[in-house]
Amino acid sequence: MEGKCNVTRLWNGVSRPHIRMIGLDLDGTVYNEAKEITPGVRQAIQEAIAQGVVVLPATGRPFGGLPEAFLKIPGVRYALTSNGAAVVDLESHERIYEDCMDQELAAQVISVMLEFDGLAEAYMDGKCYTDKRNYENASNFSLVPAGLLAYIRASRIPKEQLAAFVRQQEHPVEKLHMIFGDTHTRDRAFKHIKGRFPDLNITNASSFNMEINSPTCNKGSSLLALGKILGIPRSQIMACGDSGNDYPMICAAGFSVAMGNAEERIKAAADVVTKSNEEDGVAWAIRQYVLT
């Protein structure tokens, strides 16, 4: 779906929205290009939390890949992970919401993913498992920024036969993920897998990746589910993001903010566009629309 979201906006564009919860994408949004949360962004998040606003990371990363720099901000209580497949209470480590796919279906998809040159991965129980053969060649993926490649190297658990490993596990699969060395291969894989498994939710967070979730799993539905659990209506939920896997969240939130560096369709769908991730765009949006 391109352009404006096919939803009824709850913010009228005139009065200032009353925000009680903020879902923040990480890469390209909270993080700058050096994969840092700047002091300005951290301070704005802290001030929002001190005002009583629930602020949480809403990321494609698994629980084990959540950055300490965000989790250590006082008052951060929840995390939306794996594109919404698991929403975690950080105090109890309890999963308070899940939307996963079963192991057999995931293994079938992995077998097709491995037909293409790239790094195939499966997120399960908050961890990321990857196919060992491709993992050893991860440095060949020149499109991946150095900081992100270091994170990949440190956080992945290689397995000899990823599909067989997934079939043997007791935990459902949160997300399947693949990193490519070029956009042409990514686009071919995207089209082929979508044709084979049309019901799955297939999206991206960059020019070099592909993300696969259950048909009903996305950041938007999970953010609204958390709001329902906490008694916060959609009209009081703000979302901020920059890329394809943020699109459902941008559409779902009562008030949505696109980063200045966001994809054009994210900007077109959002209520407002803030500054870029290199210019503390998250901090600007929080100060402009949330803090009193």
# chains A, B, ... in the order shown; residues from 1 in each chain; ligands from 1
>>> residues_around(residues="region 260-268 of chain A", least_positions_apart="3", cutoff="8 Å", atoms="only C-alpha atoms", output="list in words")
Glu2, Gly3, Lys4, Gly28, Gly241, Asp242, Ser243, Gly244, Asp246, Tyr247, Ile250, Val257, Val272, Val273, Thr274, Lys275, Ser276, Asn277 and Gly281 of chain A
>>> residues_around(residues="region 157-170 of chain A", least_positions_apart="3", cutoff="12 Å", atoms="only C-alpha atoms", output="count of residues only")
43
>>> atom_distance(atom1="CA of His93 (chain A)", atom2="CA of Ile232 (chain A)")
21.3 Å
>>> select_by_dssp(residues="region 9-238 of chain A", states="strand (DSSP E or B)", output="tab-separated table (two decimals) with all heavy atoms, in the first residue's frame")
chain	number	residue	atom	x	y	z
A	21	MET	N	1.64	7.08	25.10
A	21	MET	CA	2.57	6.00	24.78
A	21	MET	C	3.26	6.31	23.45
A	21	MET	O	2.63	6.79	22.52
A	21	MET	CB	1.86	4.64	24.70
A	21	MET	CG	2.82	3.48	24.45
A	21	MET	SD	2.06	1.85	24.78
A	21	MET	CE	1.04	1.65	23.33
A	22	ILE	N	4.57	6.00	23.39
A	22	ILE	CA	5.35	6.24	22.17
A	22	ILE	C	6.10	4.97	21.79
A	22	ILE	O	6.89	4.44	22.59
A	22	ILE	CB	6.39	7.38	22.36
A	22	ILE	CG1	5.73	8.64	22.92
A	22	ILE	CG2	7.09	7.67	21.05
A	22	ILE	CD1	6.74	9.72	23.30
A	23	GLY	N	5.87	4.48	20.58
A	23	GLY	CA	6.65	3.37	20.04
A	23	GLY	C	7.72	3.90	19.12
A	23	GLY	O	7.41	4.59	18.13
A	24	LEU	N	8.97	3.59	19.41
A	24	LEU	CA	10.10	4.13	18.66
A	24	LEU	C	10.88	3.02	17.95
A	24	LEU	O	11.42	2.11	18.60
A	24	LEU	CB	11.06	4.87	19.60
A	24	LEU	CG	10.52	6.11	20.31
A	24	LEU	CD1	11.56	6.63	21.30
A	24	LEU	CD2	10.17	7.19	19.30
A	54	VAL	N	4.53	6.21	28.48
A	54	VAL	CA	5.18	4.92	28.26
A	54	VAL	C	5.97	5.02	26.97
A	54	VAL	O	5.41	5.27	25.90
A	54	VAL	CB	4.13	3.79	28.14
A	54	VAL	CG1	4.81	2.46	27.81
A	54	VAL	CG2	3.31	3.68	29.41
A	55	VAL	N	7.30	4.87	27.05
A	55	VAL	CA	8.16	4.93	25.87
A	55	VAL	C	8.84	3.58	25.71
A	55	VAL	O	9.44	3.06	26.66
A	55	VAL	CB	9.22	6.04	26.00
A	55	VAL	CG1	10.04	6.14	24.72
A	55	VAL	CG2	8.56	7.39	26.31
A	56	LEU	N	8.75	3.00	24.52
A	56	LEU	CA	9.32	1.67	24.32
A	56	LEU	C	9.97	1.55	22.96
A	56	LEU	O	9.56	2.21	22.00
A	56	LEU	CB	8.23	0.60	24.45
A	56	LEU	CG	7.15	0.56	23.37
A	56	LEU	CD1	6.70	-0.87	23.12
A	56	LEU	CD2	5.94	1.42	23.78
A	57	PRO	N	11.02	0.71	22.87
A	57	PRO	CA	11.56	0.37	21.55
A	57	PRO	C	10.57	-0.51	20.81
A	57	PRO	O	9.97	-1.42	21.40
A	57	PRO	CB	12.85	-0.39	21.88
A	57	PRO	CG	12.62	-0.95	23.24
A	57	PRO	CD	11.74	0.03	23.96
A	58	ALA	N	10.35	-0.22	19.52
A	58	ALA	CA	9.48	-1.02	18.67
A	58	ALA	C	10.34	-1.41	17.47
A	58	ALA	O	10.47	-0.67	16.50
A	58	ALA	CB	8.25	-0.24	18.24
A	78	TYR	N	8.74	-1.67	28.75
A	78	TYR	CA	8.29	-2.64	27.75
A	78	TYR	C	9.14	-2.55	26.50
A	78	TYR	O	9.78	-1.54	26.21
A	78	TYR	CB	6.82	-2.39	27.38
A	78	TYR	CG	5.90	-2.41	28.57
A	78	TYR	CD1	5.49	-1.22	29.18
A	78	TYR	CD2	5.43	-3.62	29.10
A	78	TYR	CE1	4.65	-1.22	30.29
A	78	TYR	CE2	4.60	-3.63	30.22
A	78	TYR	CZ	4.21	-2.43	30.80
A	78	TYR	OH	3.39	-2.45	31.89
A	79	ALA	N	9.13	-3.65	25.73
A	79	ALA	CA	9.84	-3.67	24.44
A	79	ALA	C	9.03	-4.48	23.45
A	79	ALA	O	8.57	-5.59	23.75
A	79	ALA	CB	11.24	-4.27	24.60
A	80	LEU	N	8.84	-3.92	22.28
A	80	LEU	CA	8.19	-4.61	21.16
A	80	LEU	C	9.31	-5.13	20.27
A	80	LEU	O	10.08	-4.36	19.73
A	80	LEU	CB	7.27	-3.63	20.42
A	80	LEU	CG	6.37	-4.13	19.31
A	80	LEU	CD1	5.21	-3.16	19.11
A	80	LEU	CD2	7.12	-4.30	18.00
A	81	THR	N	9.41	-6.46	20.13
A	81	THR	CA	10.55	-7.07	19.44
A	81	THR	C	10.11	-7.89	18.24
A	81	THR	O	8.94	-8.25	18.11
A	81	THR	CB	11.34	-7.97	20.40
A	81	THR	OG1	10.53	-9.10	20.78
A	81	THR	CG2	11.76	-7.21	21.66
A	86	ALA	N	6.78	-10.48	19.62
A	86	ALA	CA	6.81	-10.62	21.08
A	86	ALA	C	6.91	-9.24	21.72
A	86	ALA	O	7.80	-8.46	21.39
A	86	ALA	CB	7.99	-11.49	21.51
A	87	VAL	N	5.98	-8.95	22.63
A	87	VAL	CA	6.06	-7.75	23.45
A	87	VAL	C	6.40	-8.21	24.86
A	87	VAL	O	5.72	-9.06	25.44
A	87	VAL	CB	4.73	-6.98	23.45
A	87	VAL	CG1	4.84	-5.75	24.36
A	87	VAL	CG2	4.35	-6.55	22.03
A	88	VAL	N	7.49	-7.65	25.41
A	88	VAL	CA	8.06	-8.15	26.65
A	88	VAL	C	7.97	-7.11	27.75
A	88	VAL	O	8.25	-5.92	27.54
A	88	VAL	CB	9.54	-8.56	26.44
A	88	VAL	CG1	10.13	-9.12	27.73
A	88	VAL	CG2	9.66	-9.57	25.30
A	89	ASP	N	7.58	-7.56	28.95
A	89	ASP	CA	7.66	-6.75	30.15
A	89	ASP	C	9.09	-6.90	30.66
A	89	ASP	O	9.51	-7.98	31.08
A	89	ASP	CB	6.66	-7.26	31.19
A	89	ASP	CG	6.64	-6.43	32.47
A	89	ASP	OD1	7.71	-5.89	32.86
A	89	ASP	OD2	5.58	-6.32	33.10
A	94	GLU	N	8.41	-11.32	31.21
A	94	GLU	CA	7.24	-12.05	30.72
A	94	GLU	C	6.84	-11.51	29.34
A	94	GLU	O	6.85	-10.31	29.10
A	94	GLU	CB	6.08	-11.89	31.69
A	94	GLU	CG	4.78	-12.51	31.21
A	94	GLU	CD	3.59	-12.12	32.08
A	94	GLU	OE1	3.77	-11.31	33.01
A	94	GLU	OE2	2.49	-12.64	31.81
A	95	ARG	N	6.48	-12.44	28.46
A	95	ARG	CA	5.90	-12.04	27.18
A	95	ARG	C	4.42	-11.78	27.41
A	95	ARG	O	3.66	-12.69	27.71
A	95	ARG	CB	6.08	-13.13	26.14
A	95	ARG	CG	7.52	-13.34	25.73
A	95	ARG	CD	7.60	-14.32	24.60
A	95	ARG	NE	8.96	-14.47	24.14
A	95	ARG	CZ	9.30	-14.76	22.89
A	95	ARG	NH1	8.36	-14.94	21.99
A	95	ARG	NH2	10.55	-14.87	22.55
A	96	ILE	N	4.01	-10.55	27.24
A	96	ILE	CA	2.62	-10.21	27.49
A	96	ILE	C	1.79	-10.21	26.21
A	96	ILE	O	0.57	-10.07	26.26
A	96	ILE	CB	2.50	-8.85	28.21
A	96	ILE	CG1	3.17	-7.74	27.41
A	96	ILE	CG2	3.12	-8.95	29.60
A	96	ILE	CD1	3.03	-6.37	28.05
A	97	TYR	N	2.46	-10.39	25.06
A	97	TYR	CA	1.76	-10.50	23.78
A	97	TYR	C	2.68	-11.25	22.82
A	97	TYR	O	3.88	-11.03	22.79
A	97	TYR	CB	1.42	-9.12	23.21
A	97	TYR	CG	0.74	-9.17	21.87
A	97	TYR	CD1	-0.63	-9.38	21.76
A	97	TYR	CD2	1.48	-9.00	20.70
A	97	TYR	CE1	-1.25	-9.43	20.53
A	97	TYR	CE2	0.87	-9.05	19.46
A	97	TYR	CZ	-0.50	-9.26	19.37
A	97	TYR	OH	-1.11	-9.31	18.14
A	98	GLU	N	2.08	-12.15	22.02
A	98	GLU	CA	2.84	-12.91	21.03
A	98	GLU	C	2.05	-13.05	19.74
A	98	GLU	O	0.83	-13.12	19.75
A	98	GLU	CB	3.14	-14.33	21.54
A	98	GLU	CG	4.37	-14.48	22.39
A	98	GLU	CD	4.72	-15.94	22.61
A	98	GLU	OE1	3.84	-16.82	22.47
A	98	GLU	OE2	5.89	-16.21	22.91
A	101	MET	N	4.95	-17.69	14.18
A	101	MET	CA	4.61	-18.72	13.21
A	101	MET	C	5.14	-20.06	13.70
A	101	MET	O	6.10	-20.11	14.49
A	101	MET	CB	5.16	-18.38	11.82
A	101	MET	CG	6.67	-18.44	11.70
A	101	MET	SD	7.26	-18.09	10.00
A	101	MET	CE	7.14	-16.30	9.97
A	119	LEU	N	22.34	-14.14	4.00
A	119	LEU	CA	22.45	-14.63	5.37
A	119	LEU	C	21.05	-14.90	5.91
A	119	LEU	O	20.30	-13.98	6.23
A	119	LEU	CB	23.17	-13.60	6.24
A	119	LEU	CG	23.44	-13.98	7.70
A	119	LEU	CD1	24.35	-15.20	7.78
A	119	LEU	CD2	24.05	-12.81	8.46
A	120	ALA	N	20.65	-16.18	5.98
A	120	ALA	CA	19.32	-16.57	6.43
A	120	ALA	C	19.31	-16.75	7.94
A	120	ALA	O	20.20	-17.39	8.51
A	120	ALA	CB	18.89	-17.86	5.74
A	121	GLU	N	18.26	-16.23	8.60
A	121	GLU	CA	18.21	-16.24	10.05
A	121	GLU	C	16.80	-16.54	10.55
A	121	GLU	O	15.81	-16.25	9.87
A	121	GLU	CB	18.64	-14.88	10.61
A	121	GLU	CG	20.00	-14.42	10.13
A	121	GLU	CD	20.38	-13.05	10.62
A	121	GLU	OE1	19.48	-12.23	10.90
A	121	GLU	OE2	21.59	-12.79	10.71
A	122	ALA	N	16.72	-17.09	11.76
A	122	ALA	CA	15.45	-17.34	12.42
A	122	ALA	C	15.51	-16.80	13.84
A	122	ALA	O	16.45	-17.09	14.59
A	122	ALA	CB	15.14	-18.84	12.44
A	123	TYR	N	14.51	-16.02	14.23
A	123	TYR	CA	14.42	-15.47	15.58
A	123	TYR	C	13.48	-16.35	16.39
A	123	TYR	O	12.30	-16.51	16.04
A	123	TYR	CB	13.87	-14.05	15.56
A	123	TYR	CG	14.75	-13.00	14.90
A	123	TYR	CD1	15.90	-13.34	14.20
A	123	TYR	CD2	14.41	-11.66	14.98
A	123	TYR	CE1	16.68	-12.37	13.60
A	123	TYR	CE2	15.19	-10.68	14.39
A	123	TYR	CZ	16.33	-11.05	13.69
A	123	TYR	OH	17.10	-10.08	13.10
A	124	MET	N	13.98	-16.90	17.49
A	124	MET	CA	13.20	-17.77	18.37
A	124	MET	C	13.57	-17.50	19.82
A	124	MET	O	14.76	-17.39	20.14
A	124	MET	CB	13.46	-19.25	18.05
A	124	MET	CG	13.25	-19.63	16.60
A	124	MET	SD	13.68	-21.37	16.26
A	124	MET	CE	12.33	-22.19	17.08
A	127	LYS	N	16.22	-14.98	20.65
A	127	LYS	CA	17.58	-15.17	20.12
A	127	LYS	C	17.54	-15.23	18.60
A	127	LYS	O	16.49	-15.50	18.01
A	127	LYS	CB	18.21	-16.44	20.68
A	127	LYS	CG	18.25	-16.51	22.21
A	127	LYS	CD	18.85	-17.83	22.66
A	127	LYS	CE	18.85	-17.96	24.18
A	127	LYS	NZ	17.48	-18.06	24.74
A	128	CYS	N	18.69	-15.03	17.98
A	128	CYS	CA	18.79	-15.09	16.53
A	128	CYS	C	19.73	-16.21	16.12
A	128	CYS	O	20.93	-16.20	16.45
A	128	CYS	CB	19.29	-13.76	15.97
A	128	CYS	SG	19.42	-13.78	14.17
A	129	TYR	N	19.20	-17.18	15.38
A	129	TYR	CA	19.98	-18.31	14.86
A	129	TYR	C	20.17	-18.12	13.36
A	129	TYR	O	19.26	-17.69	12.66
A	129	TYR	CB	19.25	-19.63	15.14
A	129	TYR	CG	19.01	-19.88	16.60
A	129	TYR	CD1	17.81	-19.48	17.21
A	129	TYR	CD2	19.97	-20.49	17.40
A	129	TYR	CE1	17.59	-19.70	18.56
A	129	TYR	CE2	19.75	-20.72	18.75
A	129	TYR	CZ	18.56	-20.31	19.33
A	129	TYR	OH	18.34	-20.52	20.66
A	130	THR	N	21.35	-18.46	12.88
A	130	THR	CA	21.66	-18.23	11.48
A	130	THR	C	22.30	-19.46	10.85
A	130	THR	O	22.86	-20.31	11.55
A	130	THR	CB	22.59	-17.01	11.32
A	130	THR	OG1	22.73	-16.69	9.94
A	130	THR	CG2	23.96	-17.29	11.90
A	131	ASP	N	22.17	-19.56	9.54
A	131	ASP	CA	22.79	-20.67	8.83
A	131	ASP	C	24.31	-20.49	8.80
A	131	ASP	O	24.81	-19.45	8.34
A	131	ASP	CB	22.24	-20.73	7.40
A	131	ASP	CG	22.73	-21.93	6.64
A	131	ASP	OD1	22.19	-23.03	6.84
A	131	ASP	OD2	23.68	-21.77	5.83
A	156	ARG	N	24.58	-13.30	16.58
A	156	ARG	CA	24.03	-14.46	15.89
A	156	ARG	C	24.59	-15.77	16.46
A	156	ARG	O	25.74	-15.84	16.88
A	156	ARG	CB	24.34	-14.39	14.41
A	156	ARG	CG	23.30	-13.67	13.56
A	156	ARG	CD	22.84	-12.35	14.10
A	156	ARG	NE	21.92	-11.70	13.17
A	156	ARG	CZ	21.29	-10.57	13.42
A	156	ARG	NH1	21.50	-9.93	14.56
A	156	ARG	NH2	20.46	-10.06	12.54
A	157	ILE	N	23.76	-16.82	16.41
A	157	ILE	CA	24.16	-18.16	16.84
A	157	ILE	C	24.14	-19.07	15.62
A	157	ILE	O	23.06	-19.44	15.14
A	157	ILE	CB	23.20	-18.70	17.92
A	157	ILE	CG1	23.13	-17.73	19.11
A	157	ILE	CG2	23.66	-20.09	18.39
A	157	ILE	CD1	22.06	-18.07	20.12
A	158	PRO	N	25.29	-19.44	15.07
A	158	PRO	CA	25.32	-20.23	13.83
A	158	PRO	C	24.89	-21.68	14.06
A	158	PRO	O	25.24	-22.29	15.07
A	158	PRO	CB	26.80	-20.16	13.41
A	158	PRO	CG	27.41	-19.07	14.22
A	158	PRO	CD	26.64	-19.01	15.49
A	159	LYS	N	24.15	-22.23	13.09
A	159	LYS	CA	23.73	-23.62	13.10
A	159	LYS	C	24.03	-24.26	11.74
A	159	LYS	O	23.86	-23.62	10.71
A	159	LYS	CB	22.23	-23.73	13.41
A	159	LYS	CG	21.86	-23.26	14.81
A	159	LYS	CD	22.47	-24.16	15.88
A	159	LYS	CE	22.18	-23.66	17.28
A	159	LYS	NZ	22.80	-24.52	18.32
A	173	VAL	N	8.46	-19.61	15.99
A	173	VAL	CA	9.39	-18.69	15.34
A	173	VAL	C	8.80	-17.28	15.32
A	173	VAL	O	7.69	-17.07	14.85
A	173	VAL	CB	9.71	-19.15	13.91
A	173	VAL	CG1	10.59	-18.13	13.19
A	173	VAL	CG2	10.41	-20.51	13.95
A	174	GLU	N	9.55	-16.34	15.85
A	174	GLU	CA	9.10	-14.95	15.90
A	174	GLU	C	9.20	-14.30	14.52
A	174	GLU	O	8.27	-13.64	14.05
A	174	GLU	CB	9.95	-14.16	16.89
A	174	GLU	CG	9.85	-14.67	18.32
A	174	GLU	CD	10.94	-14.10	19.20
A	174	GLU	OE1	11.60	-13.12	18.80
A	174	GLU	OE2	11.14	-14.64	20.30
A	175	LYS	N	10.36	-14.48	13.89
A	175	LYS	CA	10.60	-13.80	12.62
A	175	LYS	C	11.67	-14.55	11.85
A	175	LYS	O	12.58	-15.12	12.44
A	175	LYS	CB	11.04	-12.36	12.86
A	175	LYS	CG	11.17	-11.51	11.60
A	175	LYS	CD	11.62	-10.08	11.91
A	175	LYS	CE	13.11	-9.94	11.99
A	175	LYS	NZ	13.56	-8.53	12.02
A	176	LEU	N	11.57	-14.53	10.52
A	176	LEU	CA	12.66	-14.96	9.65
A	176	LEU	C	13.27	-13.72	9.03
A	176	LEU	O	12.56	-12.75	8.73
A	176	LEU	CB	12.14	-15.91	8.57
A	176	LEU	CG	11.49	-17.20	9.07
A	176	LEU	CD1	10.95	-18.01	7.89
A	176	LEU	CD2	12.46	-18.02	9.90
A	177	HIS	N	14.57	-13.77	8.83
A	177	HIS	CA	15.29	-12.57	8.38
A	177	HIS	C	16.38	-12.98	7.41
A	177	HIS	O	16.97	-14.05	7.54
A	177	HIS	CB	15.91	-11.87	9.60
A	177	HIS	CG	16.61	-10.60	9.28
A	177	HIS	ND1	17.93	-10.37	9.62
A	177	HIS	CD2	16.19	-9.47	8.67
A	177	HIS	CE1	18.28	-9.15	9.24
A	177	HIS	NE2	17.23	-8.59	8.65
A	178	MET	N	16.61	-12.14	6.41
A	178	MET	CA	17.69	-12.44	5.48
A	178	MET	C	18.39	-11.15	5.07
A	178	MET	O	17.76	-10.12	4.84
A	178	MET	CB	17.15	-13.14	4.24
A	178	MET	CG	18.22	-13.84	3.42
A	178	MET	SD	17.52	-15.12	2.35
A	178	MET	CE	19.05	-15.82	1.67
A	179	ILE	N	19.70	-11.21	5.04
A	179	ILE	CA	20.55	-10.08	4.66
A	179	ILE	C	21.22	-10.43	3.34
A	179	ILE	O	21.73	-11.55	3.16
A	179	ILE	CB	21.60	-9.79	5.73
A	179	ILE	CG1	20.92	-9.44	7.06
A	179	ILE	CG2	22.53	-8.66	5.30
A	179	ILE	CD1	21.87	-9.33	8.23
A	201	ASN	N	3.63	-12.07	6.11
A	201	ASN	CA	3.92	-10.64	6.09
A	201	ASN	C	5.41	-10.46	5.78
A	201	ASN	O	6.26	-10.75	6.63
A	201	ASN	CB	3.56	-10.03	7.44
A	201	ASN	CG	3.79	-8.53	7.48
A	201	ASN	OD1	3.98	-7.89	6.44
A	201	ASN	ND2	3.76	-7.95	8.66
A	202	ILE	N	5.72	-10.01	4.58
A	202	ILE	CA	7.11	-9.85	4.15
A	202	ILE	C	7.39	-8.37	3.93
A	202	ILE	O	6.70	-7.71	3.17
A	202	ILE	CB	7.39	-10.65	2.86
A	202	ILE	CG1	6.98	-12.12	3.05
A	202	ILE	CG2	8.87	-10.55	2.49
A	202	ILE	CD1	7.17	-12.97	1.81
A	203	THR	N	8.43	-7.88	4.60
A	203	THR	CA	8.74	-6.46	4.50
A	203	THR	C	10.26	-6.27	4.57
A	203	THR	O	11.02	-7.22	4.41
A	203	THR	CB	8.03	-5.68	5.62
A	203	THR	OG1	8.26	-4.28	5.46
A	203	THR	CG2	8.50	-6.12	7.00
A	209	ASN	N	17.85	-5.99	3.26
A	209	ASN	CA	17.30	-7.07	4.07
A	209	ASN	C	15.87	-7.42	3.69
A	209	ASN	O	15.19	-6.68	2.94
A	209	ASN	CB	17.41	-6.76	5.56
A	209	ASN	CG	16.23	-5.97	6.10
A	209	ASN	OD1	15.66	-5.12	5.41
A	209	ASN	ND2	15.87	-6.24	7.33
A	210	MET	N	15.40	-8.55	4.21
A	210	MET	CA	14.03	-9.01	4.05
A	210	MET	C	13.59	-9.60	5.38
A	210	MET	O	14.33	-10.35	6.01
A	210	MET	CB	13.93	-10.06	2.94
A	210	MET	CG	12.55	-10.68	2.77
A	210	MET	SD	12.49	-11.80	1.33
A	210	MET	CE	13.69	-13.06	1.85
A	211	GLU	N	12.36	-9.25	5.83
A	211	GLU	CA	11.86	-9.71	7.11
A	211	GLU	C	10.52	-10.40	6.91
A	211	GLU	O	9.65	-9.89	6.19
A	211	GLU	CB	11.71	-8.52	8.06
A	211	GLU	CG	13.00	-7.71	8.17
A	211	GLU	CD	12.98	-6.68	9.29
A	211	GLU	OE1	11.91	-6.47	9.89
A	211	GLU	OE2	14.04	-6.09	9.55
A	212	ILE	N	10.34	-11.57	7.54
A	212	ILE	CA	9.15	-12.39	7.32
A	212	ILE	C	8.51	-12.72	8.67
A	212	ILE	O	9.16	-13.29	9.54
A	212	ILE	CB	9.50	-13.68	6.58
A	212	ILE	CG1	10.23	-13.37	5.25
A	212	ILE	CG2	8.25	-14.51	6.31
A	212	ILE	CD1	10.77	-14.59	4.54
A	213	ASN	N	7.24	-12.35	8.80
A	213	ASN	CA	6.48	-12.64	10.02
A	213	ASN	C	5.18	-13.36	9.68
A	213	ASN	O	4.83	-13.49	8.51
A	213	ASN	CB	6.15	-11.34	10.76
A	213	ASN	CG	7.35	-10.68	11.40
A	213	ASN	OD1	8.00	-9.83	10.79
A	213	ASN	ND2	7.67	-11.07	12.62
A	237	ILE	N	-1.62	7.16	21.25
A	237	ILE	CA	-0.39	6.42	20.93
A	237	ILE	C	0.32	7.10	19.76
A	237	ILE	O	-0.28	7.38	18.73
A	237	ILE	CB	-0.70	4.95	20.57
A	237	ILE	CG1	-1.34	4.24	21.76
A	237	ILE	CG2	0.57	4.23	20.13
A	237	ILE	CD1	-1.79	2.82	21.45
A	238	MET	N	1.61	7.34	19.95
A	238	MET	CA	2.46	7.94	18.92
A	238	MET	C	3.48	6.90	18.45
A	238	MET	O	3.97	6.11	19.24
A	238	MET	CB	3.18	9.17	19.49
A	238	MET	CG	4.25	9.78	18.61
A	238	MET	SD	4.88	11.32	19.40
A	238	MET	CE	6.56	11.36	18.76
>>> residues_around(residues="Ser82 (chain A)", least_positions_apart="3", cutoff="6 Å", atoms="only C-alpha atoms", output="list in words")
Gly60, Arg61, Pro62, Ala85 and Lys175 of chain A
>>> closest_residue(among="A:Gly195, A:Gly75, A:Gly227, A:Pro172", to="Gly52 (chain A)", atoms="only C-alpha atoms")
A:Gly75
>>> closest_residue(among="A:Gly84, A:Val290, A:Gly231, A:Cys240", to="Cys100 (chain A)", atoms="only C-alpha atoms")
A:Gly84
>>> closest_atom_pairs(of="region 62-136 of chain A", to="region 35-42 of chain A", cutoff="8 Å", atoms="only C-alpha atoms", output="JSON lines")
{"residue": "A:Ala69", "atom": "CA", "partner": "A:Ile37", "partner_atom": "CA", "distance": 7.1}
{"residue": "A:Phe70", "atom": "CA", "partner": "A:Ile37", "partner_atom": "CA", "distance": 7.7}
{"residue": "A:Ile73", "atom": "CA", "partner": "A:Arg42", "partner_atom": "CA", "distance": 7.4}
>>> write_last_selection(atoms="all heavy atoms", output="PDB file, in the first residue's frame")
ATOM      1  N   ALA A  69      21.863   0.627  25.771  1.00  0.00           N
ATOM      2  CA  ALA A  69      21.768   2.079  25.887  1.00  0.00           C
ATOM      3  C   ALA A  69      20.321   2.542  26.008  1.00  0.00           C
ATOM      4  O   ALA A  69      20.030   3.542  26.667  1.00  0.00           O
ATOM      5  CB  ALA A  69      22.435   2.739  24.684  1.00  0.00           C
ATOM      6  N   PHE A  70      19.399   1.822  25.373  1.00  0.00           N
ATOM      7  CA  PHE A  70      17.978   2.164  25.481  1.00  0.00           C
ATOM      8  C   PHE A  70      17.380   1.548  26.741  1.00  0.00           C
ATOM      9  O   PHE A  70      16.651   2.205  27.485  1.00  0.00           O
ATOM     10  CB  PHE A  70      17.225   1.656  24.246  1.00  0.00           C
ATOM     11  CG  PHE A  70      15.882   2.312  24.026  1.00  0.00           C
ATOM     12  CD1 PHE A  70      15.640   3.047  22.887  1.00  0.00           C
ATOM     13  CD2 PHE A  70      14.858   2.196  24.958  1.00  0.00           C
ATOM     14  CE1 PHE A  70      14.403   3.652  22.672  1.00  0.00           C
ATOM     15  CE2 PHE A  70      13.627   2.795  24.765  1.00  0.00           C
ATOM     16  CZ  PHE A  70      13.394   3.530  23.617  1.00  0.00           C
ATOM     17  N   ILE A  73      17.734   3.334  30.111  1.00  0.00           N
ATOM     18  CA  ILE A  73      17.059   4.598  30.386  1.00  0.00           C
ATOM     19  C   ILE A  73      16.031   4.354  31.485  1.00  0.00           C
ATOM     20  O   ILE A  73      15.176   3.480  31.357  1.00  0.00           O
ATOM     21  CB  ILE A  73      16.367   5.141  29.117  1.00  0.00           C
ATOM     22  CG1 ILE A  73      17.413   5.461  28.040  1.00  0.00           C
ATOM     23  CG2 ILE A  73      15.551   6.389  29.442  1.00  0.00           C
ATOM     24  CD1 ILE A  73      16.809   5.866  26.709  1.00  0.00           C
TER      25      ILE A  73
END
>>> residues_around(residues="Ala50 (chain A)", least_positions_apart="5", cutoff="10 Å", atoms="only C-alpha atoms", output="VMD selection string")
chain A and resid 44 to 45 74 to 75 291
>>> select_by_dssp(residues="region 19-228 of chain A", states="alpha helix (DSSP H)", output="number ranges by chain")
A: 39-50, 68-71, 103-113, 132-135, 146-155, 162-168, 183-196, 219-228
>>> atom_distance(atom1="CA of Leu230 (chain A)", atom2="CA of Asn204 (chain A)")
28.7 Å
>>> atom_distance(atom1="CA of Ser92 (chain A)", atom2="CA of Ser256 (chain A)")
29.2 Å
